[in-house]
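Novice: Here it is, the structure in full.
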Amino acid sequence: MALVEVSQGYIKGGKTTTDSGVSYYEFLCIPYAKPPVGNLRFKSPEPPEKWDGVLDVTEYKEDKVCVQIILENNSSCIGNEDCLYLNVYTPKLPESDSKLLPVMVFIHGGGFVRGNEKMGYTGSTKDKKAILEFLVASPINQLSNKAGEVDFESICARGAFEFIPTIEKNLGDGKQMLTEHPYKLIKDGQFNRVPTMMGVCEKEGYFLELIKPDSFRDISENKNFADYLPYKLEEGYKDAVNKHFLSVYSMNLTDANDDNKLAVDFFGDLDFVAGCYLRGDTMARKGVPVYFYEFHYDGNINHCKIFFNIKKEGSTHGDDWTYIFEHDPVSKSADEKDESVREIVTKLWTNFAKTSDPTPNDDLNIRWPSYNTSKSCLIIDEKPEIKSNYLSNKIDVFTKMYNIAN
């Protein structure tokens, strides 16, 4: 049994081991805010109430998953509005003389419609802020030498399909989280300037083809790019924009390509790659060390390809997750090559958490330079390699996607 005191009272966790035999403690479903129900529905999260006695957090509770649609299960709806809970894993418990440890906080993706926090019509980016505020105020702060470096303003999702964060009026009471468009905040330098690692998967668009097949057909058949940009264009400009985008996305197009390659690349860039790239490029120009990666490895445990039965070559959105976290039953299918790539990825991530540099030494037989050096990007594959001038041929079209709207 693991007993820890947090601000609200005592919690009891458990002890378990990884597949490789490493022991660690786990605390599952800790409430980090009051249940957002009744009078608190649609409100900013409030700190959790104190409790008497010891709260048992040794088991994951299926009924504490947020309301969401499960695409893998015929788009069925599951969940509960009472869902503001987090899990904490640690190799050691807090002590008065504890050596400080780095902490990784995983805030899941899901386009604001899936995941384990408020989603859709009930959710907000403030739930993410509440997670970090709870952790900074808890004993995990005693284990972390980076607990104070919390960047509330730059918490952003890589993409959103239906629900997106709302820009709020600044009322001067400190409760507003997003008072300007995130792209404008970053362009203006209003972000926490700490080393950043970010990246995408090789074929992000494969996943999107499942969600909006009609849009993919429109791009493939009609080359109608302009109608999908995040702003309206006057009719007189549409033809010129469509021709420009077609010239960019027709590069390297061959007869051997999939019929939907134009749409796969365009929507992958529009919904994921462009925002990630422009954010990182802008931060790098302001002197922040930025480490870009592009995940290419196509193995037996690529999460999204397996769940959606995608047979095309290349990794798609979310496929990198199962090389960072275990995911039953997918992870059980890993062969020797998959395990090798997983070891590389977890080493890069934990190195960065510890040192702010994913390759501080030669352990992986590769040095990953920051993007600030020759616009470098790490291609993560069976044998990782460095690519220079990353996406330089698309910077113009990416900028057009965002600058006109902002």
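As shown in the structure tokens, the chain order sets the letters A, B, ...; within each chain, residues go from 1, and ligands are also counted from 1 in the order they appear.
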Could you name the residues that touch region 5-15 of chain A at 6 Å or less, counting only C-alpha atoms, but leaving out those on the same chain fewer than 6 positions away, as a PyMOL selection string?
Specialist: chain A and resi 24-27+50-51+54-58+138
Novice: Could you tell me which of A:Gly280, A:Gly287, A:Pro45, A:Gly275 comes closest to Cys377 (chain A) if we count only C-alpha atoms?
Specialist: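 With only C-alpha atoms as the atom set, the closest residue is A:Gly280.
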Novice: Could you give me, as a short mmCIF file (atom, residue, chain, number, x, y, z; two decimals) with C-alpha atoms, in the first residue's frame, the residues within 9 Å of Glu202 (chain A), counting only C-alpha atoms and dropping anything in the same chain fewer than 2 positions from it?
Specialist:
data_model
loop_
_atom_site.label_atom_id
_atom_site.label_comp_id
_atom_site.auth_asym_id
_atom_site.auth_seq_id
_atom_site.Cartn_x
_atom_site.Cartn_y
_atom_site.Cartn_z
CA VAL A 200 3.49 14.66 -36.31
CA GLU A 204 -1.83 12.27 -40.67
CA GLY A 205 -4.50 12.46 -43.37
CA GLU A 294 8.09 13.12 -37.88
CA PHE A 295 7.07 9.58 -36.97
CA HIS A 296 7.42 7.25 -39.97
CA TYR A 297 7.68 3.79 -38.44
CA GLY A 314 2.95 4.84 -43.59
CA SER A 315 2.03 5.86 -40.04
CA THR A 316 -1.04 7.97 -39.35
CA HIS A 317 -2.42 10.21 -36.61
#
